[in-house]
file query_38.cif (mmCIF, C-alpha atoms)
data_coords
#
loop_
_atom_site.label_atom_id
_atom_site.label_comp_id
_atom_site.auth_asym_id
_atom_site.auth_seq_id
_atom_site.Cartn_x
_atom_site.Cartn_y
_atom_site.Cartn_z
CA MET M 1162 -17.98 -15.13 -7.76
CA SER M 1163 -14.74 -14.58 -5.88
CA ILE M 1164 -11.42 -14.12 -7.64
CA SER M 1165 -8.30 -15.95 -6.53
CA LEU M 1166 -5.73 -13.74 -4.81
CA LYS M 1167 -2.84 -16.02 -5.74
CA PHE M 1168 0.10 -14.43 -7.54
CA HIS M 1169 1.26 -16.27 -10.66
CA GLU M 1170 4.95 -15.61 -11.18
CA GLU M 1171 4.95 -17.36 -14.57
CA ASN M 1172 2.71 -14.69 -16.16
CA TYR M 1173 5.04 -11.94 -17.33
CA THR M 1174 6.60 -10.21 -20.30
CA ILE M 1175 10.11 -8.77 -20.62
CA ARG M 1176 10.47 -5.19 -21.85
CA GLU M 1177 13.22 -2.72 -22.57
CA ILE M 1178 12.98 1.03 -22.88
CA SER M 1179 15.42 3.90 -23.34
CA ILE M 1180 14.68 7.51 -22.42
CA LEU M 1181 17.28 10.19 -23.06
CA ASP M 1182 20.55 8.44 -22.20
CA LYS M 1183 19.05 5.94 -19.75
CA HIS M 1184 18.09 2.33 -20.49
CA ILE M 1185 16.22 -0.25 -18.44
CA LYS M 1186 15.17 -3.86 -18.94
CA TYR M 1187 12.44 -5.19 -16.72
CA ARG M 1188 9.98 -8.00 -16.14
CA ALA M 1189 6.30 -6.94 -16.16
CA PHE M 1190 3.53 -8.77 -14.31
CA GLU M 1191 0.48 -6.78 -15.38
CA ASN M 1192 -3.22 -6.24 -14.70
CA ILE M 1193 -3.44 -8.39 -11.58
CA VAL M 1194 -6.78 -8.00 -9.80
CA TYR M 1195 -6.02 -7.48 -6.11
CA ALA M 1196 -9.54 -7.78 -4.66
CA GLY M 1197 -11.46 -11.03 -4.32
CA LYS M 1198 -14.81 -9.34 -4.97
CA PRO M 1199 -13.90 -6.36 -7.15
CA VAL M 1200 -16.39 -3.62 -7.92
CA ASP M 1201 -14.33 -2.41 -10.89
CA ARG M 1202 -11.72 -4.89 -12.13
CA GLU M 1203 -10.02 -2.35 -14.40
CA HIS M 1204 -9.18 0.00 -11.56
CA GLN M 1205 -8.86 -2.58 -8.79
CA SER M 1206 -5.77 -4.10 -10.36
CA LEU M 1207 -2.02 -3.64 -10.08
CA SER M 1208 1.11 -4.23 -12.12
CA ILE M 1209 4.52 -5.28 -10.88
CA PHE M 1210 7.76 -4.28 -12.60
CA VAL M 1211 11.10 -5.86 -11.67
CA PRO M 1212 14.63 -5.16 -12.95
CA GLU M 1213 15.37 -8.14 -15.19
CA TRP M 1214 18.96 -8.48 -14.04
CA TYR M 1215 17.72 -10.04 -10.77
CA TYR M 1216 16.53 -13.02 -12.83
CA GLU M 1217 19.72 -13.16 -14.88
CA GLU M 1218 22.10 -13.49 -11.92
CA ALA M 1219 22.63 -16.75 -10.06
CA ASP M 1220 21.55 -15.37 -6.69
CA GLY M 1221 19.16 -12.76 -8.09
CA LYS M 1222 15.99 -14.28 -6.66
CA GLU M 1223 17.54 -14.35 -3.20
CA GLN M 1224 18.52 -10.69 -3.59
CA LEU M 1225 14.96 -9.82 -4.60
CA LYS M 1226 13.57 -10.74 -1.19
CA LYS M 1227 15.58 -7.83 0.28
CA VAL M 1228 14.66 -5.24 -2.35
CA PRO M 1229 12.30 -2.41 -1.20
CA VAL M 1230 9.02 -1.96 -3.08
CA PHE M 1231 8.25 1.42 -4.65
CA PHE M 1232 4.45 1.89 -4.61
CA PRO M 1233 3.45 4.93 -6.74
CA ASN M 1234 -0.23 5.69 -7.24
CA THR M 1235 -1.52 7.62 -10.26
CA VAL M 1236 -4.48 9.35 -8.60
CA GLY M 1237 -4.89 13.04 -9.42
CA GLY M 1238 -7.82 15.27 -8.57
CA TYR M 1239 -9.31 12.31 -6.71
CA MET M 1240 -10.15 10.82 -10.12
CA PRO M 1241 -9.65 7.12 -10.86
CA GLY M 1242 -6.07 5.95 -11.36
CA LEU M 1243 -4.71 3.07 -13.42
CA PRO M 1244 -1.45 1.13 -13.18
CA GLU M 1245 1.34 2.89 -15.07
CA PRO M 1246 4.49 1.24 -16.46
CA PRO M 1247 7.99 2.70 -16.34
CA GLY M 1248 8.32 5.19 -19.16
CA PRO M 1249 8.20 8.86 -20.10
CA ASN M 1250 6.20 11.41 -18.14
CA ARG M 1251 4.25 14.26 -19.76
CA SER M 1252 7.48 16.14 -20.38
CA GLY M 1253 9.11 13.16 -22.08
CA GLU M 1254 11.47 12.56 -19.17
CA PRO M 1255 11.68 9.30 -17.20
CA ASN M 1256 8.85 8.86 -14.69
CA ALA M 1257 9.44 7.86 -11.09
CA SER M 1258 8.86 4.17 -11.86
CA PHE M 1259 11.56 4.29 -14.54
CA TYR M 1260 14.00 5.74 -12.00
CA ALA M 1261 12.95 3.11 -9.47
CA ILE M 1262 13.83 0.30 -11.89
CA LEU M 1263 17.07 2.12 -12.77
CA ASN M 1264 17.93 2.17 -9.06
CA GLY M 1265 17.17 -1.53 -8.63
CA TYR M 1266 13.82 -1.33 -6.84
CA VAL M 1267 10.69 -3.38 -7.43
CA VAL M 1268 7.80 -1.22 -8.62
CA VAL M 1269 4.18 -1.99 -7.80
CA SER M 1270 1.80 0.38 -9.60
CA PRO M 1271 -1.76 0.10 -8.28
CA GLY M 1272 -4.99 1.27 -9.82
CA ALA M 1273 -7.72 2.76 -7.63
CA ARG M 1274 -11.29 3.92 -7.98
CA GLY M 1275 -12.06 7.62 -7.89
CA ARG M 1276 -14.78 10.19 -8.20
CA GLY M 1277 -17.17 9.92 -11.13
CA LEU M 1278 -17.03 6.15 -11.53
CA LYS M 1279 -20.40 4.40 -11.88
CA ASP M 1280 -21.43 0.76 -11.97
CA GLU M 1281 -23.77 -0.79 -14.54
CA LYS M 1282 -26.77 0.35 -12.49
CA GLY M 1283 -25.65 3.96 -12.43
CA ALA M 1284 -24.57 4.01 -8.78
CA PHE M 1285 -21.45 5.99 -7.88
CA ILE M 1286 -18.66 3.62 -6.82
CA GLY M 1287 -15.64 5.91 -6.59
CA ASN M 1288 -16.53 8.32 -3.80
CA ALA M 1289 -14.58 8.37 -0.54
CA PRO M 1290 -13.14 6.24 0.92
CA ALA M 1291 -12.91 4.01 -2.20
CA CYS M 1292 -9.50 5.33 -3.33
CA ILE M 1293 -7.70 4.71 -0.04
CA VAL M 1294 -9.52 1.40 0.49
CA ASP M 1295 -8.31 0.18 -2.90
CA LEU M 1296 -4.70 1.13 -2.22
CA LYS M 1297 -4.87 -0.71 1.10
CA ALA M 1298 -6.31 -3.76 -0.66
CA ALA M 1299 -3.41 -3.69 -3.12
CA ILE M 1300 -0.91 -3.67 -0.25
CA ARG M 1301 -2.75 -6.54 1.41
CA TYR M 1302 -2.51 -8.50 -1.83
CA LEU M 1303 1.27 -8.06 -1.84
CA LYS M 1304 1.60 -9.20 1.76
CA HIS M 1305 -0.79 -12.10 1.15
CA ASN M 1306 1.66 -13.32 -1.50
CA ARG M 1307 4.85 -12.37 0.32
CA ASP M 1308 6.54 -15.71 -0.41
CA GLN M 1309 6.03 -15.38 -4.18
CA ILE M 1310 5.98 -11.61 -4.74
CA PRO M 1311 9.31 -10.10 -5.83
CA GLY M 1312 10.54 -7.53 -3.32
CA ASP M 1313 10.44 -6.99 0.43
CA VAL M 1314 6.80 -6.33 1.32
CA ASP M 1315 7.89 -5.12 4.76
CA LYS M 1316 9.60 -2.18 3.07
CA ILE M 1317 6.91 -0.62 0.90
CA ILE M 1318 7.45 3.06 0.06
CA SER M 1319 4.28 4.77 -1.17
CA ASN M 1320 4.43 7.75 -3.50
CA GLY M 1321 1.84 10.14 -4.92
CA THR M 1322 1.17 13.68 -6.08
CA SER M 1323 -1.69 16.07 -5.24
CA ALA M 1324 -4.67 13.87 -4.32
CA GLY M 1325 -2.25 10.98 -4.76
CA GLY M 1326 0.06 12.69 -2.29
CA ALA M 1327 -2.81 12.87 0.16
CA LEU M 1328 -3.44 9.15 -0.32
CA SER M 1329 0.23 8.43 0.27
CA ALA M 1330 -0.02 10.38 3.54
CA LEU M 1331 -3.10 8.36 4.46
CA LEU M 1332 -1.30 5.09 3.75
CA GLY M 1333 1.47 6.29 6.03
CA THR M 1334 -0.81 7.22 8.92
CA THR M 1335 -3.72 4.74 8.86
CA GLY M 1336 -2.04 1.35 8.72
CA ASN M 1337 -4.33 -1.53 9.78
CA HIS M 1338 -6.96 0.82 11.21
CA PRO M 1339 -10.38 -0.79 11.74
CA ASP M 1340 -12.17 2.25 10.25
CA TYR M 1341 -11.50 0.80 6.79
CA GLU M 1342 -12.12 -2.87 7.58
CA PRO M 1343 -15.81 -3.06 6.51
CA TYR M 1344 -14.94 -1.61 3.10
CA LEU M 1345 -12.00 -3.96 2.66
CA GLU M 1346 -14.16 -6.94 3.57
CA GLU M 1347 -16.80 -5.80 1.10
CA ILE M 1348 -14.38 -5.94 -1.85
CA GLY M 1349 -12.78 -9.19 -0.70
CA ALA M 1350 -9.38 -7.83 0.26
CA ALA M 1351 -6.88 -10.31 1.65
CA GLU M 1352 -6.90 -10.74 5.43
CA GLU M 1353 -3.55 -9.06 5.89
CA THR M 1354 -1.98 -5.87 7.20
CA ASP M 1355 -1.83 -2.72 5.06
CA ASP M 1356 0.78 -0.52 6.79
CA VAL M 1357 3.71 0.85 4.79
CA TYR M 1358 7.35 1.48 5.69
CA ALA M 1359 7.63 5.02 4.33
CA ALA M 1360 5.50 7.59 2.52
CA SER M 1361 6.51 10.13 -0.12
CA CYS M 1362 3.92 12.89 -0.48
CA TYR M 1363 4.11 15.56 -3.16
CA CYS M 1364 1.84 18.60 -2.65
CA PRO M 1365 -0.81 16.62 -0.75
CA ILE M 1366 -4.34 17.98 -1.19
CA THR M 1367 -5.39 16.86 2.25
CA ASN M 1368 -6.99 17.93 5.55
CA LEU M 1369 -9.91 18.89 3.33
CA GLU M 1370 -12.36 19.86 6.06
CA HIS M 1371 -9.94 22.61 7.15
CA ALA M 1372 -8.38 23.44 3.79
CA ASP M 1373 -10.85 26.26 3.02
CA MET M 1374 -10.05 28.20 6.18
CA ALA M 1375 -6.31 27.62 5.66
CA TYR M 1376 -6.56 28.90 2.09
CA GLU M 1377 -8.32 32.08 3.18
CA TRP M 1378 -5.91 32.60 6.08
CA GLU M 1379 -3.26 32.78 3.37
CA PHE M 1380 -5.06 34.55 0.52
CA CYS M 1381 -7.84 36.64 2.11
CA GLY M 1382 -7.58 40.22 0.85
CA PHE M 1383 -6.17 39.14 -2.51
CA ASP M 1384 -9.32 39.09 -4.59
CA ASP M 1385 -7.88 38.57 -8.07
CA TYR M 1386 -7.50 34.92 -8.95
CA TYR M 1387 -5.45 33.35 -11.73
CA TRP M 1388 -6.44 29.95 -13.07
CA GLY M 1389 -6.21 29.94 -16.84
CA GLU M 1390 -9.53 30.80 -18.45
CA LYS M 1391 -11.16 30.87 -15.02
CA SER M 1392 -9.15 33.92 -13.96
CA GLY M 1393 -11.01 36.96 -12.66
CA VAL M 1394 -12.00 38.84 -9.52
CA MET M 1395 -13.97 37.30 -6.66
CA SER M 1396 -17.56 38.42 -6.21
CA GLU M 1397 -18.66 40.41 -3.18
CA GLU M 1398 -20.24 37.26 -1.75
CA GLN M 1399 -17.01 35.33 -2.20
CA LYS M 1400 -15.07 38.10 -0.49
CA LYS M 1401 -17.42 37.88 2.51
CA LEU M 1402 -17.02 34.11 2.67
CA SER M 1403 -13.25 34.52 2.45
CA ALA M 1404 -13.19 36.90 5.42
CA MET M 1405 -15.37 34.56 7.51
CA GLU M 1406 -13.24 31.51 6.67
CA LYS M 1407 -10.03 33.34 7.59
CA LEU M 1408 -11.37 34.06 11.07
CA LEU M 1409 -11.99 30.33 11.66
CA PHE M 1410 -8.42 29.21 11.03
CA PRO M 1411 -6.56 30.43 14.16
CA SER M 1412 -8.93 28.55 16.44
CA TYR M 1413 -8.41 25.32 14.51
CA LEU M 1414 -4.64 25.76 14.31
CA ASN M 1415 -4.33 26.50 18.02
CA SER M 1416 -6.44 23.45 18.90
CA LEU M 1417 -3.76 21.21 17.39
CA LYS M 1418 -1.17 22.32 19.99
CA LEU M 1419 1.66 21.99 17.49
CA VAL M 1420 5.29 22.56 18.37
CA GLY M 1421 7.90 23.78 15.89
CA ASP M 1422 11.36 22.40 15.21
CA SER M 1423 12.92 24.54 17.95
CA GLY M 1424 10.34 23.52 20.55
CA ARG M 1425 8.35 26.74 20.17
CA GLN M 1426 4.55 26.54 20.34
CA LEU M 1427 2.99 27.17 16.93
CA THR M 1428 0.02 29.48 17.42
CA LEU M 1429 -1.92 32.25 15.72
CA LYS M 1430 -3.67 35.32 17.07
CA GLU M 1431 -7.16 36.24 15.97
CA ASP M 1432 -5.72 38.49 13.26
CA GLY M 1433 -3.88 35.52 11.72
CA ASN M 1434 -0.39 36.50 12.83
CA GLY M 1435 1.82 34.48 15.13
CA SER M 1436 4.54 31.88 15.44
CA PHE M 1437 2.87 29.49 12.98
CA LYS M 1438 3.11 32.08 10.19
CA GLU M 1439 6.74 32.65 11.15
CA TYR M 1440 7.32 28.88 11.04
CA ILE M 1441 6.19 28.71 7.40
CA ALA M 1442 8.13 31.86 6.54
CA GLU M 1443 11.29 30.20 7.86
CA TYR M 1444 10.79 27.30 5.47
CA VAL M 1445 10.20 29.71 2.58
CA LEU M 1446 13.48 31.42 3.46
CA LYS M 1447 15.28 28.08 3.64
CA SER M 1448 13.96 27.29 0.19
CA ALA M 1449 15.06 30.66 -1.19
CA ASP M 1450 18.49 30.26 0.40
CA ARG M 1451 18.93 26.84 -1.17
CA ALA M 1452 17.96 28.33 -4.54
CA ALA M 1453 20.45 31.19 -4.08
CA GLU M 1454 23.17 28.71 -3.15
CA CYS M 1455 22.46 26.88 -6.42
CA GLY M 1456 22.87 30.08 -8.40
CA THR M 1457 19.32 31.45 -8.69
CA ASP M 1458 19.28 35.25 -8.86
CA LEU M 1459 16.75 36.54 -6.29
CA GLU M 1460 17.71 40.21 -6.29
CA ALA M 1461 14.62 41.26 -8.30
CA LEU M 1462 12.28 39.92 -5.60
CA THR M 1463 11.79 43.05 -3.53
CA TRP M 1464 9.82 41.21 -0.87
CA LEU M 1465 12.98 39.33 0.09
CA THR M 1466 15.58 40.98 2.32
CA MET M 1467 18.99 40.11 0.90
CA GLU M 1468 22.43 40.25 2.50
CA ASN M 1469 25.52 39.27 0.56
CA GLY M 1470 23.38 37.65 -2.09
CA ARG M 1471 21.47 35.46 0.38
CA PRO M 1472 17.89 35.92 1.66
CA VAL M 1473 17.56 36.70 5.37
CA GLY M 1474 13.98 37.95 5.62
CA LEU M 1475 10.70 38.31 3.73
CA ASP M 1476 7.56 40.42 3.69
CA TRP M 1477 4.75 37.87 4.07
CA ASP M 1478 1.93 39.82 2.38
CA SER M 1479 4.12 40.69 -0.59
CA PHE M 1480 5.17 37.05 -0.87
CA ILE M 1481 1.52 35.94 -0.98
CA LYS M 1482 0.73 38.60 -3.57
CA TYR M 1483 3.68 37.31 -5.61
CA ARG M 1484 2.34 33.74 -5.39
CA THR M 1485 -1.19 34.90 -6.42
CA ARG M 1486 -4.54 33.39 -5.51
CA MET M 1487 -5.71 30.50 -7.67
CA LYS M 1488 -9.10 29.52 -6.23
CA THR M 1489 -12.19 31.47 -5.17
CA ALA M 1490 -13.72 31.12 -1.72
CA PRO M 1491 -14.46 28.54 -0.51
CA ALA M 1492 -11.69 26.79 -2.39
CA PHE M 1493 -12.60 23.16 -1.67
CA ASP M 1494 -16.11 22.82 -0.24
CA ASP M 1495 -17.79 25.08 -2.77
CA VAL M 1496 -21.17 26.53 -1.80
CA HIS M 1497 -22.34 25.54 -5.30
CA LEU M 1498 -20.93 21.99 -4.95
CA ALA M 1499 -18.71 22.59 -7.98
CA THR M 1500 -15.31 21.24 -6.87
CA PRO M 1501 -13.69 17.82 -7.30
CA GLU M 1502 -13.73 17.45 -3.52
CA ASN M 1503 -17.50 17.91 -3.41
CA GLU M 1504 -17.73 14.96 -5.80
CA LEU M 1505 -15.24 12.94 -3.74
CA PHE M 1506 -17.58 13.14 -0.76
CA GLY M 1507 -20.67 12.07 -2.66
CA SER M 1508 -22.54 8.85 -1.99
CA SER M 1509 -23.76 5.98 -4.14
CA ASP M 1510 -26.86 7.96 -5.12
CA THR M 1511 -25.75 11.58 -4.58
CA GLU M 1512 -23.03 12.89 -6.86
CA ARG M 1513 -21.83 15.81 -4.71
CA ARG M 1514 -22.06 16.76 -1.04
CA HIS M 1515 -20.63 19.25 1.41
CA PHE M 1516 -17.98 18.21 3.92
CA THR M 1517 -17.73 21.32 6.14
CA SER M 1518 -20.38 22.79 8.38
CA PHE M 1519 -19.45 26.25 7.06
CA SER M 1520 -20.29 25.52 3.44
CA LEU M 1521 -23.35 23.51 4.43
CA LYS M 1522 -24.64 26.57 6.30
CA HIS M 1523 -23.93 28.84 3.33
CA SER M 1524 -24.89 26.34 0.63
CA ALA M 1525 -26.34 28.03 -2.45
CA VAL M 1526 -27.87 24.79 -3.74
CA SER M 1527 -29.34 23.22 -0.58
CA GLY M 1528 -26.55 20.70 -0.54
CA LYS M 1529 -26.42 17.71 1.79
CA MET M 1530 -23.62 16.86 4.26
CA ALA M 1531 -21.26 13.93 3.72
CA ASP M 1532 -21.08 11.20 6.34
CA GLU M 1533 -18.91 12.05 9.34
CA VAL M 1534 -16.98 8.77 9.14
CA GLN M 1535 -16.38 9.29 5.41
CA ILE M 1536 -14.83 12.69 6.08
CA ARG M 1537 -12.71 11.33 8.91
CA GLN M 1538 -11.32 8.52 6.76
CA MET M 1539 -9.80 10.94 4.23
CA ASN M 1540 -7.76 13.06 6.66
CA PRO M 1541 -4.41 11.77 7.96
CA MET M 1542 -4.53 14.35 10.78
CA ASN M 1543 -7.30 12.26 12.35
CA TYR M 1544 -4.99 9.27 12.76
CA ILE M 1545 -1.57 10.65 13.64
CA GLN M 1546 -2.30 10.49 17.38
CA ASP M 1547 -4.47 7.37 17.14
CA PRO M 1548 -2.53 4.50 18.79
CA ILE M 1549 -4.52 1.90 16.86
CA ALA M 1550 -3.14 3.04 13.50
CA LYS M 1551 0.32 1.76 12.60
CA LYS M 1552 2.25 4.64 11.12
CA ALA M 1553 5.09 4.64 8.59
CA LYS M 1554 8.51 5.24 10.10
CA TYR M 1555 9.49 7.86 7.57
CA PHE M 1556 7.75 10.59 5.58
CA ARG M 1557 8.95 12.84 2.78
CA ILE M 1558 6.75 15.87 2.11
CA ARG M 1559 7.31 18.29 -0.77
CA HIS M 1560 5.11 21.34 -1.39
CA GLY M 1561 6.34 23.77 -4.05
CA ALA M 1562 6.86 27.32 -2.82
CA ALA M 1563 4.94 28.47 -5.92
CA ASP M 1564 2.11 25.95 -5.44
CA ARG M 1565 -1.27 27.68 -5.04
CA ASP M 1566 -3.57 24.65 -5.21
CA THR M 1567 -3.74 24.52 -1.43
CA SER M 1568 -2.32 26.63 1.38
CA LEU M 1569 1.27 26.11 2.49
CA ALA M 1570 -0.28 25.74 5.94
CA ILE M 1571 -1.65 22.31 5.04
CA SER M 1572 1.71 20.63 4.47
CA ALA M 1573 3.21 22.55 7.41
CA ILE M 1574 0.49 21.26 9.75
CA LEU M 1575 0.94 17.69 8.51
CA THR M 1576 4.70 17.93 9.00
CA ALA M 1577 4.53 19.41 12.48
CA GLY M 1578 1.81 16.95 13.52
CA LEU M 1579 3.94 13.98 12.48
CA ARG M 1580 7.13 15.33 14.01
CA ASN M 1581 5.37 16.08 17.30
CA GLU M 1582 4.52 12.38 17.53
CA GLY M 1583 8.13 11.37 16.92
CA PHE M 1584 8.04 10.49 13.23
CA SER M 1585 10.85 11.39 10.86
CA VAL M 1586 9.74 13.92 8.22
CA ASP M 1587 11.91 15.24 5.41
CA TYR M 1588 10.08 18.49 4.57
CA HIS M 1589 10.92 21.11 1.96
CA LEU M 1590 9.17 23.83 -0.07
CA PRO M 1591 11.09 23.64 -3.38
CA TRP M 1592 11.75 27.10 -4.79
CA GLY M 1593 9.74 28.12 -7.87
CA VAL M 1594 7.97 24.75 -8.08
CA PRO M 1595 4.22 24.84 -8.78
CA HIS M 1596 1.70 22.05 -8.16
CA ALA M 1597 3.70 19.04 -9.34
CA GLY M 1598 5.46 15.86 -8.28
CA ASP M 1599 8.33 13.50 -9.08
CA TYR M 1600 10.46 16.44 -10.22
CA ASP M 1601 13.48 15.50 -8.09
CA PRO M 1602 13.99 11.76 -8.68
CA GLU M 1603 17.63 11.76 -7.63
CA GLU M 1604 16.77 13.31 -4.25
CA LEU M 1605 13.73 11.05 -3.87
CA PHE M 1606 15.65 7.83 -4.39
CA ASN M 1607 18.56 9.00 -2.27
CA TRP M 1608 16.03 9.49 0.53
CA ILE M 1609 14.55 6.04 -0.08
CA LYS M 1610 18.02 4.50 -0.02
CA THR M 1611 18.83 6.27 3.24
CA VAL M 1612 15.65 5.34 5.13
CA CYS M 1613 15.73 1.74 3.91
CA LYS M 1614 19.21 1.31 5.40
CA LYS M 1615 17.97 2.35 8.85
#

call {"tool": "encode", "arguments": {"input": "query_38.cif", "output": "structure tokens"}}
result
Amino acid sequence: MSISLKFHEENYTIREISILDKHIKYRAFENIVYAGKPVDREHQSLSIFVPEWYYEEADGKEQLKKVPVFFPNTVGGYMPGLPEPPGPNRSGEPNASFYAILNGYVVVSPGARGRGLKDEKGAFIGNAPACIVDLKAAIRYLKHNRDQIPGDVDKIISNGTSAGGALSALLGTTGNHPDYEPYLEEIGAAEETDDVYAASCYCPITNLEHADMAYEWEFCGFDDYYWGEKSGVMSEEQKKLSAMEKLLFPSYLNSLKLVGDSGRQLTLKEDGNGSFKEYIAEYVLKSADRAAECGTDLEALTWLTMENGRPVGLDWDSFIKYRTRMKTAPAFDDVHLATPENELFGSSDTERRHFTSFSLKHSAVSGKMADEVQIRQMNPMNYIQDPIAKKAKYFRIRHGAADRDTSLAISAILTAGLRNEGFSVDYHLPWGVPHAGDYDPEELFNWIKTVCKK
């Protein structure tokens, strides 16, 4: 039985909430199923939150049609995500949706399936590409109801952190691509477009089929790993795998033919050194300089070269040692199929699979390989140069300089790849920031305000 995809503007509640010294009043349209033939109604639903003052002013409804839509997903670790209302985050501070309402934006918070979900028959229903398909279906629902939906559906700004940041990058690079059409048809998505205007991506865990080699390019030789109770020293076998993965990265990086901000070719030699490493180091220095300008004392960091209280150079190996390794090799496609990403690339009847030829070859559990198309659909790098995909006009990428969940190379590659194709990318490695998102709401919404005026 199909579900109606009509939006009912009469179904809402009015809420008020105060956090710290900030107060908002908003109208909530909640738990709206956005797929005509949902597989999981709880996760394939969205909620819409609108500043109430638009309804209190005489011309408020007319104003609403020009208001950009903030589209934050709650996916983390490629697990299922649910709609989230404006309110406090884990630290008790306002979340990004709260700030969006405070700044006068419409918020659409979508749910999405993720790894581990099963249907009543025990089949897995959240493996790739379910999460990105669901987010696309949610966007199609908004555009299907453009005449009734509050907000300008031609100015949707996606936002996400970690796996959610990767999905935001995918939304920004895969608009309307036919690769996803069979899956969208299967769940009864509206026959609409699913491109977005801009994409905000915090620490995106993406480019997964090359993330292992990038991680070892950065951390090979640093065998101690620090991850809470999982901390320890890599085994001899893991050290060997690390060394082999590191050797694979320069060839991949060079195949991309990336160009840096100054027009310089970004390449690596077989030993892992080259202009690409220098490119990332420049961004680390920019981050350190910004921190120093804001009053952070960096003098104790001996791997930084300081002049007049400002950083002018760094020792790369000492910087990596300072950051510390978090994950053992391979970091993402584990030879024992033990990572979240292995589960992401499962199938309806197989919980976990490999997604790189390297780990398949070295599999310790006789693992199977994920489908080629499935792997392709989860990597924005596969679509940046694809003329069929409609890309977002603007991207904002943040990857904390202290983030060890994936290599700094991953966000650098995504940034350079987008810029090389002419897209605007606001890229920064915030100083001292670990794996996190939505930590700079003032900067985020200033960026949104700026790009929406263009």

call {"tool": "residues_around", "arguments": {"input": "query_38.cif", "residues": "segment 1369-1382 of chain M", "least_positions_apart": "4", "cutoff": "7 Å", "atoms": "only C-alpha atoms", "output": "list in words"}}
result
Ser1403, Ala1404, Glu1406, Lys1407, Leu1409, Phe1410, Gly1433, Ile1481, Arg1486, Pro1491, Ala1492, Phe1493, Phe1516, Thr1517, Thr1567, Ser1568, Ala1570 and Ile1571 of chain M

call {"tool": "resolve_selection", "arguments": {"input": "query_38.cif", "expression": "the PyMOL selection byres ((chain M and resi 1590-1593) around 10)", "output": "JSON, numbers by chain"}}
result
{"M": [1364, 1441, 1444, 1445, 1446, 1447, 1448, 1449, 1450, 1451, 1452, 1453, 1457, 1484, 1558, 1559, 1560, 1561, 1562, 1563, 1564, 1569, 1572, 1573, 1588, 1589, 1594, 1595, 1600, 1601]}

call {"tool": "atom_distance", "arguments": {"input": "query_38.cif", "atom1": "atom CA of Ile1545 of chain M", "atom2": "atom CA of Glu1582 of chain M"}}
result
7.4 Å

call {"tool": "closest_residue", "arguments": {"input": "query_38.cif", "among": "M:Gly1197, M:Glu1439, M:Gly1333, M:Leu1465", "to": "Glu1347 of chain M", "atoms": "all atoms listed in the file"}}
result
M:Gly1197

call {"tool": "axis_aligned_box", "arguments": {"input": "query_38.cif", "around": "segment 1506-1524 of chain M", "padding_each_side": "6 Å", "output": "lines of an AutoDock Vina configuration file"}}
result
center_x = -22.2
center_y = 17.4
center_z = 0.8
size_x = 21.3
size_y = 34.9
size_z = 27.2

call {"tool": "closest_atom_pairs", "arguments": {"input": "query_38.cif", "of": "segment 1517-1590 of chain M", "to": "segment 1324-1330 of chain M", "cutoff": "9 Å", "atoms": "only C-alpha atoms", "output": "Markdown table"}}
result
| residue | atom | partner | partner_atom | distance |
| --- | --- | --- | --- | --- |
| M:Met1539 | CA | M:Leu1328 | CA | 8.0 |
| M:Asn1540 | CA | M:Ala1327 | CA | 8.2 |
| M:Pro1541 | CA | M:Ala1330 | CA | 6.4 |
| M:Phe1556 | CA | M:Ala1330 | CA | 8.0 |
| M:Ile1558 | CA | M:Gly1326 | CA | 8.6 |
| M:Leu1575 | CA | M:Ala1330 | CA | 8.9 |

call {"tool": "resolve_selection", "arguments": {"input": "query_38.cif", "expression": "the PyMOL selection byres ((chain M and resi 1205) around 12)", "output": "PyMOL selection string"}}
result
chain M and resi 1164+1192-1204+1206-1208+1241-1244+1270-1275+1286-1287+1291-1300+1302+1345+1348-1350

call {"tool": "closest_residue", "arguments": {"input": "query_38.cif", "among": "M:Ala1219, M:Val1267, M:Leu1521, M:Cys1362", "to": "Asn1234 of chain M", "atoms": "only C-alpha atoms"}}
result
M:Cys1362

call {"tool": "resolve_selection", "arguments": {"input": "query_38.cif", "expression": "the PyMOL selection byres ((chain M and resi 1254) around 12)", "output": "compact mmCIF listing (two decimals) with C-alpha atoms, in the frame of the given file"}}
result
# COMPACT_ATOMS: atom_id res chain seq x y z
CA SER M 1179 15.42 3.90 -23.34
CA ILE M 1180 14.68 7.51 -22.42
CA LEU M 1181 17.28 10.19 -23.06
CA ASP M 1182 20.55 8.44 -22.20
CA LYS M 1183 19.05 5.94 -19.75
CA PRO M 1247 7.99 2.70 -16.34
CA GLY M 1248 8.32 5.19 -19.16
CA PRO M 1249 8.20 8.86 -20.10
CA ASN M 1250 6.20 11.41 -18.14
CA ARG M 1251 4.25 14.26 -19.76
CA SER M 1252 7.48 16.14 -20.38
CA GLY M 1253 9.11 13.16 -22.08
CA PRO M 1255 11.68 9.30 -17.20
CA ASN M 1256 8.85 8.86 -14.69
CA ALA M 1257 9.44 7.86 -11.09
CA SER M 1258 8.86 4.17 -11.86
CA PHE M 1259 11.56 4.29 -14.54
CA TYR M 1260 14.00 5.74 -12.00
CA ASP M 1599 8.33 13.50 -9.08
CA TYR M 1600 10.46 16.44 -10.22
CA ASP M 1601 13.48 15.50 -8.09
CA PRO M 1602 13.99 11.76 -8.68

call {"tool": "residues_around", "arguments": {"input": "query_38.cif", "residues": "Ser1518 of chain M", "least_positions_apart": "6", "cutoff": "10 Å", "atoms": "all atoms listed in the file", "output": "PDB file with C-alpha atoms, in the frame of the given file"}}
result
ATOM      1  CA  GLU M1370     -12.360  19.860   6.060  1.00  0.00           C
ATOM      2  CA  ASP M1494     -16.110  22.820  -0.240  1.00  0.00           C
ATOM      3  CA  SER M1524     -24.890  26.340   0.630  1.00  0.00           C
ATOM      4  CA  MET M1530     -23.620  16.860   4.260  1.00  0.00           C
TER       5      MET M1530
END
